[in-house]
file my_file_35.cif (mmCIF, C-alpha atoms and all ligand atoms)
data_coords
loop_
_atom_site.group_PDB
_atom_site.id
_atom_site.type_symbol
_atom_site.label_atom_id
_atom_site.label_comp_id
_atom_site.auth_asym_id
_atom_site.auth_seq_id
_atom_site.Cartn_x
_atom_site.Cartn_y
_atom_site.Cartn_z
ATOM 1 C CA MET A 29 3.671 16.881 -11.499
ATOM 2 C CA ALA A 30 5.063 14.220 -9.195
ATOM 3 C CA ARG A 31 4.771 10.514 -9.966
ATOM 4 C CA ILE A 32 3.653 8.838 -6.780
ATOM 5 C CA GLY A 33 3.241 5.200 -5.844
ATOM 6 C CA LEU A 34 0.678 4.465 -3.138
ATOM 7 C CA LEU A 35 1.244 1.476 -0.896
ATOM 8 C CA GLY A 36 -1.679 0.971 1.456
ATOM 9 C CA GLY A 37 -1.243 -1.448 4.283
ATOM 10 C CA SER A 38 -1.759 -2.444 7.863
ATOM 11 C CA PHE A 39 2.000 -2.342 8.460
ATOM 12 C CA ASN A 40 1.533 -4.659 11.425
ATOM 13 C CA PRO A 41 4.514 -4.195 11.531
ATOM 14 C CA ALA A 42 6.262 -2.554 8.572
ATOM 15 C CA HIS A 43 9.163 -4.660 7.327
ATOM 16 C CA ARG A 44 12.023 -4.655 4.897
ATOM 17 C CA GLY A 45 9.805 -6.227 2.205
ATOM 18 C CA HIS A 46 7.707 -3.028 2.164
ATOM 19 C CA ARG A 47 10.834 -0.965 1.812
ATOM 20 C CA ARG A 48 12.375 -3.156 -0.846
ATOM 21 C CA ILE A 49 9.258 -3.339 -3.063
ATOM 22 C CA SER A 50 8.785 0.418 -2.734
ATOM 23 C CA LEU A 51 12.337 1.131 -3.867
ATOM 24 C CA GLU A 52 12.135 -1.398 -6.705
ATOM 25 C CA ALA A 53 8.764 -0.037 -7.852
ATOM 26 C CA MET A 54 10.199 3.455 -7.697
ATOM 27 C CA ARG A 55 12.984 2.468 -10.041
ATOM 28 C CA THR A 56 10.833 0.439 -12.462
ATOM 29 C CA LEU A 57 7.947 2.902 -12.632
ATOM 30 C CA GLY A 58 10.067 6.043 -12.506
ATOM 31 C CA LEU A 59 8.419 7.251 -9.309
ATOM 32 C CA ASP A 60 9.422 10.370 -7.421
ATOM 33 C CA GLU A 61 8.023 9.100 -4.130
ATOM 34 C CA VAL A 62 6.124 6.261 -2.530
ATOM 35 C CA TRP A 63 3.530 7.100 0.095
ATOM 36 C CA TRP A 64 2.789 4.435 2.670
ATOM 37 C CA LEU A 65 -0.836 4.839 3.683
ATOM 38 C CA VAL A 66 -1.120 3.280 7.119
ATOM 39 C CA SER A 67 -4.624 1.873 7.371
ATOM 40 C CA PRO A 68 -6.635 2.747 10.510
ATOM 41 C CA GLY A 69 -8.342 -0.608 9.949
ATOM 42 C CA ASN A 70 -8.428 -2.834 6.892
ATOM 43 C CA PRO A 71 -12.175 -3.401 6.305
ATOM 44 C CA LEU A 72 -11.460 -7.092 5.644
ATOM 45 C CA LYS A 73 -9.489 -7.507 8.876
ATOM 46 C CA GLU A 74 -12.044 -6.047 11.291
ATOM 47 C CA GLY A 75 -11.726 -7.571 14.740
ATOM 48 C CA ALA A 76 -8.278 -9.051 14.065
ATOM 49 C CA ARG A 77 -6.923 -9.776 17.534
ATOM 50 C CA ASP A 78 -3.280 -9.415 16.647
ATOM 51 C CA MET A 79 -3.588 -5.913 15.188
ATOM 52 C CA ALA A 80 -1.313 -3.394 16.909
ATOM 53 C CA SER A 81 -2.417 0.166 17.625
ATOM 54 C CA PHE A 82 -2.351 2.639 14.775
ATOM 55 C CA GLU A 83 0.439 4.531 16.573
ATOM 56 C CA ALA A 84 2.640 1.448 16.890
ATOM 57 C CA ARG A 85 2.123 0.498 13.246
ATOM 58 C CA PHE A 86 2.730 4.065 12.086
ATOM 59 C CA ALA A 87 5.940 4.274 14.155
ATOM 60 C CA SER A 88 7.178 0.979 12.716
ATOM 61 C CA ALA A 89 6.551 2.334 9.217
ATOM 62 C CA GLU A 90 8.448 5.536 9.970
ATOM 63 C CA ARG A 91 11.430 3.524 11.192
ATOM 64 C CA MET A 92 11.398 1.294 8.125
ATOM 65 C CA ALA A 93 11.082 4.234 5.717
ATOM 66 C CA ARG A 94 14.057 6.140 7.113
ATOM 67 C CA ARG A 95 16.442 7.731 4.651
ATOM 68 C CA ALA A 96 14.332 6.677 1.657
ATOM 69 C CA PRO A 97 12.022 8.752 -0.575
ATOM 70 C CA ILE A 98 9.085 7.137 1.199
ATOM 71 C CA ARG A 99 6.482 9.191 3.057
ATOM 72 C CA VAL A 100 4.490 7.555 5.820
ATOM 73 C CA SER A 101 1.011 8.981 5.910
ATOM 74 C CA ASP A 102 -1.915 9.026 8.311
ATOM 75 C CA PHE A 103 -4.152 10.406 5.534
ATOM 76 C CA GLU A 104 -6.834 7.741 6.033
ATOM 77 C CA LEU A 105 -7.009 8.364 9.772
ATOM 78 C CA ARG A 106 -7.329 12.113 9.276
ATOM 79 C CA GLU A 107 -9.806 11.907 6.436
ATOM 80 C CA GLY A 108 -11.837 9.128 8.035
ATOM 81 C CA THR A 109 -11.637 6.936 4.951
ATOM 82 C CA ARG A 110 -11.463 3.164 5.316
ATOM 83 C CA TYR A 111 -12.082 2.062 1.757
ATOM 84 C CA THR A 112 -9.313 2.485 -0.762
ATOM 85 C CA VAL A 113 -11.614 3.813 -3.460
ATOM 86 C CA GLU A 114 -12.581 6.725 -1.156
ATOM 87 C CA THR A 115 -8.987 7.348 -0.120
ATOM 88 C CA VAL A 116 -7.780 7.485 -3.706
ATOM 89 C CA ARG A 117 -10.577 9.847 -4.749
ATOM 90 C CA LYS A 118 -9.695 12.187 -1.878
ATOM 91 C CA LEU A 119 -5.995 12.060 -2.683
ATOM 92 C CA LYS A 120 -6.674 12.924 -6.318
ATOM 93 C CA THR A 121 -8.817 15.873 -5.266
ATOM 94 C CA ARG A 122 -6.258 17.047 -2.688
ATOM 95 C CA TYR A 123 -3.254 16.683 -4.988
ATOM 96 C CA PRO A 124 -4.628 17.323 -8.483
ATOM 97 C CA GLN A 125 -1.210 18.138 -9.887
ATOM 98 C CA ASP A 126 0.216 14.700 -9.019
ATOM 99 C CA ARG A 127 -0.197 11.296 -10.670
ATOM 100 C CA PHE A 128 -0.839 8.202 -8.582
ATOM 101 C CA ILE A 129 -0.385 4.486 -9.117
ATOM 102 C CA TRP A 130 -1.651 1.917 -6.592
ATOM 103 C CA LEU A 131 0.917 -0.708 -5.566
ATOM 104 C CA LEU A 132 -0.125 -4.057 -4.170
ATOM 105 C CA GLY A 133 1.316 -7.472 -3.481
ATOM 106 C CA ASN A 134 -0.218 -10.292 -5.527
ATOM 107 C CA ASP A 135 -1.357 -11.989 -2.292
ATOM 108 C CA THR A 136 -4.133 -9.374 -2.151
ATOM 109 C CA LEU A 137 -5.509 -10.177 -5.639
ATOM 110 C CA PRO A 138 -7.533 -13.269 -4.640
ATOM 111 C CA ASN A 139 -9.640 -11.049 -2.350
ATOM 112 C CA PHE A 140 -9.575 -7.922 -4.482
ATOM 113 C CA HIS A 141 -13.157 -8.517 -5.654
ATOM 114 C CA LEU A 142 -14.228 -8.046 -2.008
ATOM 115 C CA TRP A 143 -12.852 -4.499 -1.875
ATOM 116 C CA ARG A 144 -15.529 -1.859 -1.976
ATOM 117 C CA ASP A 145 -16.226 -0.765 -5.559
ATOM 118 C CA TRP A 146 -13.008 -2.370 -6.750
ATOM 119 C CA ARG A 147 -13.878 -1.721 -10.380
ATOM 120 C CA GLY A 148 -14.382 1.946 -9.480
ATOM 121 C CA LEU A 149 -10.964 1.941 -7.813
ATOM 122 C CA ALA A 150 -9.401 0.424 -10.936
ATOM 123 C CA ARG A 151 -11.002 3.201 -12.982
ATOM 124 C CA GLU A 152 -9.384 5.842 -10.742
ATOM 125 C CA VAL A 153 -5.728 4.770 -10.827
ATOM 126 C CA PRO A 154 -3.484 2.287 -12.591
ATOM 127 C CA ILE A 155 -2.485 -0.697 -10.471
ATOM 128 C CA ALA A 156 0.983 -2.225 -10.263
ATOM 129 C CA VAL A 157 1.144 -5.744 -8.856
ATOM 130 C CA ILE A 158 4.224 -7.066 -7.100
ATOM 131 C CA ARG A 159 4.889 -10.785 -6.884
ATOM 132 C CA ARG A 160 5.142 -12.561 -3.550
ATOM 133 C CA PRO A 161 6.577 -16.043 -3.308
ATOM 134 C CA GLY A 162 3.853 -18.678 -3.665
ATOM 135 C CA TYR A 163 1.002 -16.456 -4.863
ATOM 136 C CA ASP A 164 1.407 -16.387 -8.656
ATOM 137 C CA SER A 165 -1.211 -18.946 -9.615
ATOM 138 C CA ALA A 166 -3.814 -17.801 -7.053
ATOM 139 C CA ALA A 167 -3.309 -14.210 -8.203
ATOM 140 C CA HIS A 168 -3.801 -15.007 -11.887
ATOM 141 C CA ALA A 169 -6.850 -17.151 -11.098
ATOM 142 C CA ALA A 170 -8.335 -14.399 -8.909
ATOM 143 C CA ARG A 171 -11.981 -13.608 -9.500
ATOM 144 C CA ALA A 172 -11.230 -9.936 -10.117
ATOM 145 C CA MET A 173 -8.792 -10.911 -12.858
ATOM 146 C CA GLY A 174 -11.785 -12.092 -14.933
ATOM 147 C CA TRP A 175 -12.482 -8.389 -15.464
ATOM 148 C CA LEU A 176 -9.013 -6.886 -14.953
ATOM 149 C CA ARG A 177 -7.262 -9.178 -17.427
ATOM 150 C CA ARG A 178 -8.313 -7.112 -20.450
ATOM 151 C CA PHE A 179 -6.504 -4.097 -18.976
ATOM 152 C CA VAL A 180 -3.105 -5.763 -18.474
ATOM 153 C CA ARG A 181 -0.148 -3.736 -19.773
ATOM 154 C CA PRO A 182 3.211 -5.222 -20.746
ATOM 155 C CA PRO A 183 6.079 -4.777 -18.261
ATOM 156 C CA SER A 184 8.130 -3.155 -21.023
ATOM 157 C CA GLN A 185 5.801 -0.124 -20.801
ATOM 158 C CA ALA A 186 6.156 0.262 -17.023
ATOM 159 C CA ASN A 187 7.759 3.669 -17.249
ATOM 160 C CA ASP A 188 4.897 5.048 -19.385
ATOM 161 C CA TRP A 189 2.119 4.548 -16.829
ATOM 162 C CA THR A 190 1.268 8.247 -16.597
ATOM 163 C CA GLU A 191 0.156 8.103 -20.232
ATOM 164 C CA TRP A 192 -2.326 5.301 -19.616
ATOM 165 C CA SER A 193 -5.984 5.789 -18.944
ATOM 166 C CA ALA A 194 -7.308 3.598 -16.141
ATOM 167 C CA PRO A 195 -8.216 0.791 -15.812
ATOM 168 C CA ALA A 196 -4.702 -0.439 -16.346
ATOM 169 C CA ILE A 197 -2.892 -3.197 -14.492
ATOM 170 C CA LEU A 198 0.756 -4.062 -14.665
ATOM 171 C CA PHE A 199 2.522 -7.118 -13.259
ATOM 172 C CA LEU A 200 5.975 -5.974 -12.260
ATOM 173 C CA ARG A 201 8.858 -8.361 -12.792
ATOM 174 C CA LEU A 202 10.746 -7.826 -9.573
ATOM 175 C CA PRO A 203 12.684 -10.353 -7.519
ATOM 176 C CA PRO A 204 10.134 -11.712 -4.997
ATOM 177 C CA ASP A 205 10.788 -10.854 -1.363
ATOM 178 C CA PRO A 206 9.638 -13.462 1.179
ATOM 179 C CA THR A 207 9.303 -11.070 4.139
ATOM 180 C CA SER A 208 5.845 -10.972 5.724
ATOM 181 C CA ALA A 209 4.319 -9.334 8.765
ATOM 182 C CA THR A 210 2.544 -12.582 9.643
ATOM 183 C CA ALA A 211 5.917 -14.330 9.964
ATOM 184 C CA ILE A 212 7.298 -11.470 12.047
ATOM 185 C CA ARG A 213 4.310 -11.607 14.401
ATOM 186 C CA ALA A 214 4.707 -15.374 14.712
ATOM 187 C CA HIS A 215 8.324 -14.835 15.706
ATOM 188 C CA ASP A 216 7.563 -11.997 18.131
ATOM 189 C CA PRO A 217 3.899 -12.382 19.163
ATOM 190 C CA SER A 218 4.097 -9.562 21.701
ATOM 191 C CA TRP A 219 5.055 -6.777 19.333
ATOM 192 C CA TYR A 220 1.481 -5.553 18.957
ATOM 193 C CA ASN A 221 1.127 -4.948 22.684
ATOM 194 C CA ARG A 222 3.827 -2.320 22.525
ATOM 195 C CA THR A 223 2.875 1.275 21.990
ATOM 196 C CA PRO A 224 5.441 3.852 20.983
ATOM 197 C CA LYS A 225 6.689 5.867 23.905
ATOM 198 C CA SER A 226 8.390 8.509 21.854
ATOM 199 C CA ALA A 227 7.008 12.021 22.230
ATOM 200 C CA LYS A 228 8.275 12.672 18.734
ATOM 201 C CA THR A 229 5.830 10.191 17.279
ATOM 202 C CA ARG A 230 2.950 11.559 19.339
ATOM 203 C CA GLY A 231 3.817 15.060 18.157
ATOM 204 C CA ARG A 232 3.925 13.966 14.548
ATOM 205 C CA LEU A 233 0.494 12.424 14.816
ATOM 206 C CA ALA A 234 -0.973 15.437 16.592
ATOM 207 C CA LYS A 235 -0.360 17.794 13.707
ATOM 208 C CA PRO A 236 -1.376 17.306 10.092
ATOM 209 C CA LEU A 237 1.230 15.209 8.386
ATOM 210 C CA PHE A 238 0.234 16.551 5.008
ATOM 211 C CA ALA A 239 -0.056 20.213 5.940
ATOM 212 C CA ARG A 240 0.939 21.333 2.452
ATOM 213 C CA ARG A 241 2.643 18.777 0.267
ATOM 214 C CA PRO A 242 3.912 15.569 1.836
ATOM 215 C CA LEU A 243 7.497 16.167 0.910
ATOM 216 C CA ASP A 244 7.590 19.814 1.986
HETATM 217 N N1 LIG A 301 7.306 -9.087 0.749
HETATM 218 C C1 LIG A 301 6.370 -8.475 0.016
HETATM 219 N N2 LIG A 301 6.367 -8.559 -1.340
HETATM 220 C C2 LIG A 301 5.404 -7.946 -2.088
HETATM 221 N N3 LIG A 301 4.386 -7.227 -1.546
HETATM 222 C C3 LIG A 301 4.319 -7.129 -0.218
HETATM 223 C C4 LIG A 301 5.303 -7.727 0.636
HETATM 224 N N4 LIG A 301 4.986 -7.447 1.920
HETATM 225 C C5 LIG A 301 3.859 -6.725 1.873
HETATM 226 N N5 LIG A 301 3.450 -6.524 0.603
HETATM 227 C C6 LIG A 301 2.285 -5.775 0.143
HETATM 228 O O1 LIG A 301 2.277 -4.549 0.840
HETATM 229 C C7 LIG A 301 0.917 -4.165 1.142
HETATM 230 C C8 LIG A 301 0.770 -3.988 2.641
HETATM 231 O O2 LIG A 301 1.116 -5.222 3.233
HETATM 232 P P1 LIG A 301 0.870 -5.567 4.776
HETATM 233 O O3 LIG A 301 1.109 -4.371 5.603
HETATM 234 O O4 LIG A 301 -0.416 -6.273 4.930
HETATM 235 O O5 LIG A 301 2.089 -6.591 5.022
HETATM 236 P P2 LIG A 301 2.012 -8.160 5.009
HETATM 237 O O6 LIG A 301 3.403 -8.653 5.193
HETATM 238 O O7 LIG A 301 1.251 -8.644 3.818
HETATM 239 O O8 LIG A 301 1.168 -8.398 6.318
HETATM 240 P P3 LIG A 301 0.341 -9.684 6.820
HETATM 241 O O9 LIG A 301 1.287 -10.856 6.753
HETATM 242 O O10 LIG A 301 -0.064 -9.288 8.192
HETATM 243 O O11 LIG A 301 -0.838 -9.828 5.870
HETATM 244 C C9 LIG A 301 0.035 -5.264 0.558
HETATM 245 O O12 LIG A 301 -0.345 -4.884 -0.760
HETATM 246 C C10 LIG A 301 0.976 -6.467 0.499
HETATM 247 O O13 LIG A 301 0.593 -7.388 -0.491
HETATM 248 O O1 LIG A 302 -11.288 -0.762 0.055
HETATM 249 C C1 LIG A 302 -11.471 -1.909 0.531
HETATM 250 O O2 LIG A 302 -12.591 -2.445 0.579
HETATM 251 C C2 LIG A 302 -10.271 -2.652 1.076
HETATM 252 C C3 LIG A 302 -10.377 -3.956 1.552
HETATM 253 C C4 LIG A 302 -9.246 -4.594 2.043
HETATM 254 C C5 LIG A 302 -8.027 -3.943 2.048
HETATM 255 N N1 LIG A 302 -7.961 -2.686 1.571
HETATM 256 C C6 LIG A 302 -6.677 -1.959 1.595
HETATM 257 O O3 LIG A 302 -5.650 -2.802 1.161
HETATM 258 C C7 LIG A 302 -4.409 -2.355 1.708
HETATM 259 C C8 LIG A 302 -3.645 -3.546 2.220
HETATM 260 O O4 LIG A 302 -4.187 -3.953 3.435
HETATM 261 P P1 LIG A 302 -3.434 -5.008 4.349
HETATM 262 O O5 LIG A 302 -4.205 -5.043 5.642
HETATM 263 O O6 LIG A 302 -3.487 -6.302 3.591
HETATM 264 O O7 LIG A 302 -2.063 -4.500 4.526
HETATM 265 C C9 LIG A 302 -4.791 -1.319 2.773
HETATM 266 O O8 LIG A 302 -4.578 -0.024 2.231
HETATM 267 C C10 LIG A 302 -6.270 -1.565 2.975
HETATM 268 O O9 LIG A 302 -6.992 -0.410 3.381
HETATM 269 C C11 LIG A 302 -9.033 -2.035 1.093
#
call {"tool": "encode", "arguments": {"input": "my_file_35.cif", "output": "structure tokens"}}
result
Amino acid sequence: MARIGLLGGSFNPAHRGHRRISLEAMRTLGLDEVWWLVSPGNPLKEGARDMASFEARFASAERMARRAPIRVSDFELREGTRYTVETVRKLKTRYPQDRFIWLLGNDTLPNFHLWRDWRGLAREVPIAVIRRPGYDSAAHAARAMGWLRRFVRPPSQANDWTEWSAPAILFLRLPPDPTSATAIRAHDPSWYNRTPKSAKTRGRLAKPLFARRPLD
């Protein structure tokens, strides 16, 4: 059994905040790996004009994940899933021997009640929430927290998450990292026009990334 953290995102682009929170979560939750699930299209960001191509976002994630126990995955593109609840159900079916925990930044909590079947998602996997500067009060006042609050686990039990039955939600006490893709795009507005030229990346995308097990 591997203990796997799932970080879904647009990665538009990936940045050192993604890497840092993944490594910190790995340590705190006793994870073997973190899988970055590059979203083909966040259902709540449909039509976003500053969204780079999937290939460019995937390549940026691969660069940022280098030399870390982080796997960048195109699982959602291959499986045709757009909603996290579907993705997680497919992952659990595909990798029944592994245990998954969903990682998210607390900036996503205020809109979590808009995710498709978010209660169903919370029943599938425990959720670990990572603080972002400036989002604490909005996250705790989030509409979804009205229901999720009763499932909050103390940070002292973080390493025991595989023993929990979902729903379970844990607020990790990690040093907040201010990095954001929005700020990076504001600084370099043209990045999303670039597409990766590397044949290596095209080759990687052309064959199943998860042929057997992601780390094989
Ligand atoms: N610095 C950070 N600290 C904590 N969580 C983060 C951080 N950056 C991203 N995340 C989380 O990682 C996941 C994927 O994030 P995403 O790819 O959207 O990056 P982002 O910086 O939030 O992008 P954008 O600014 O475009 O919304 C989300 O759950 C998000 O909350
Ligand atoms: O399932 C949903 O309805 C849903 C709605 C909005 C966002 N998500 C997921 O949330 C993750 C973070 O997305 P983003 O764009 O904020 O990086 C990513 O995996 C999305 O697919 C999922």
call {"tool": "closest_residue", "arguments": {"input": "my_file_35.cif", "among": "A:Arg48, A:Lys73, A:Arg127, A:Arg91", "to": "Thr190 in chain A", "atoms": "only C-alpha atoms"}}
result
A:Arg127
call {"tool": "residues_near_point", "arguments": {"input": "my_file_35.cif", "point": "(-12.0, -8.0, -2.6)", "cutoff": "12 Å", "atoms": "all atoms listed in the file", "output": "list in words"}}
result
Asn70, Pro71, Leu72, Lys73, Tyr111, Thr112, Val113, Asp135, Thr136, Leu137, Pro138, Asn139, Phe140, His141, Leu142, Trp143, Arg144, Asp145, Trp146, Arg147, Leu149, Ala170, Arg171, Ala172 and Met173 of chain A
call {"tool": "closest_residue", "arguments": {"input": "my_file_35.cif", "among": "A:Asp60, A:Glu52, A:Asp78, A:Glu191", "to": "Ala209 in chain A", "atoms": "all atoms listed in the file"}}
result
A:Asp78
call {"tool": "closest_residue", "arguments": {"input": "my_file_35.cif", "among": "A:Leu34, A:Val100, A:Leu132, A:Leu176", "to": "Val157 in chain A", "atoms": "all atoms listed in the file"}}
result
A:Leu132
call {"tool": "resolve_selection", "arguments": {"input": "my_file_35.cif", "expression": "the PyMOL selection byres (((not hetatm)) within 8 of (chain A and resi 301))", "output": "PyMOL selection string"}}
result
chain A and resi 35-46+48-49+131-136+158-161+204-211+213
call {"tool": "closest_residue", "arguments": {"input": "my_file_35.cif", "among": "A:Trp219, A:Tyr123, A:Trp130, A:Phe199", "to": "ligand LIG 302 (chain A)", "atoms": "only C-alpha atoms and all ligand atoms"}}
result
A:Trp130
call {"tool": "atom_distance", "arguments": {"input": "my_file_35.cif", "atom1": "CA of Ala30 in chain A", "atom2": "CA of Ile98 in chain A"}}
result
13.2 Å
call {"tool": "closest_residue", "arguments": {"input": "my_file_35.cif", "among": "A:Arg47, A:Arg95, A:Lys120, A:Arg110", "to": "ligand LIG 302 (chain A)", "atoms": "only C-alpha atoms and all ligand atoms"}}
result
A:Arg110
call {"tool": "atom_distance", "arguments": {"input": "my_file_35.cif", "atom1": "CA of Pro203 in chain A", "atom2": "CA of Thr56 in chain A"}}
result
12.0 Å
call {"tool": "closest_residue", "arguments": {"input": "my_file_35.cif", "among": "A:Thr109, A:Ser193, A:Ser165, A:Ser67", "to": "ligand LIG 302 (chain A)", "atoms": "all atoms listed in the file"}}
result
A:Ser67
call {"tool": "residues_around", "arguments": {"input": "my_file_35.cif", "residues": "Trp192 in chain A", "least_positions_apart": "4", "cutoff": "10 Å", "atoms": "only C-alpha atoms", "output": "ChimeraX atom specification"}}
result
/A:153-154,181,185,188,196-197
call {"tool": "atom_distance", "arguments": {"input": "my_file_35.cif", "atom1": "atom O8 of ligand LIG 302 (chain A)", "atom2": "CA of His168 in chain A"}}
result
20.6 Å
call {"tool": "resolve_selection", "arguments": {"input": "my_file_35.cif", "expression": "the PyMOL selection byres (((chain A and resi 105) around 12) and not hetatm)", "output": "NGL selection string"}}
result
:A and (65-70 or 82-83 or 86 or 101-104 or 106-111 or 115 or 233-234 or 236-238)
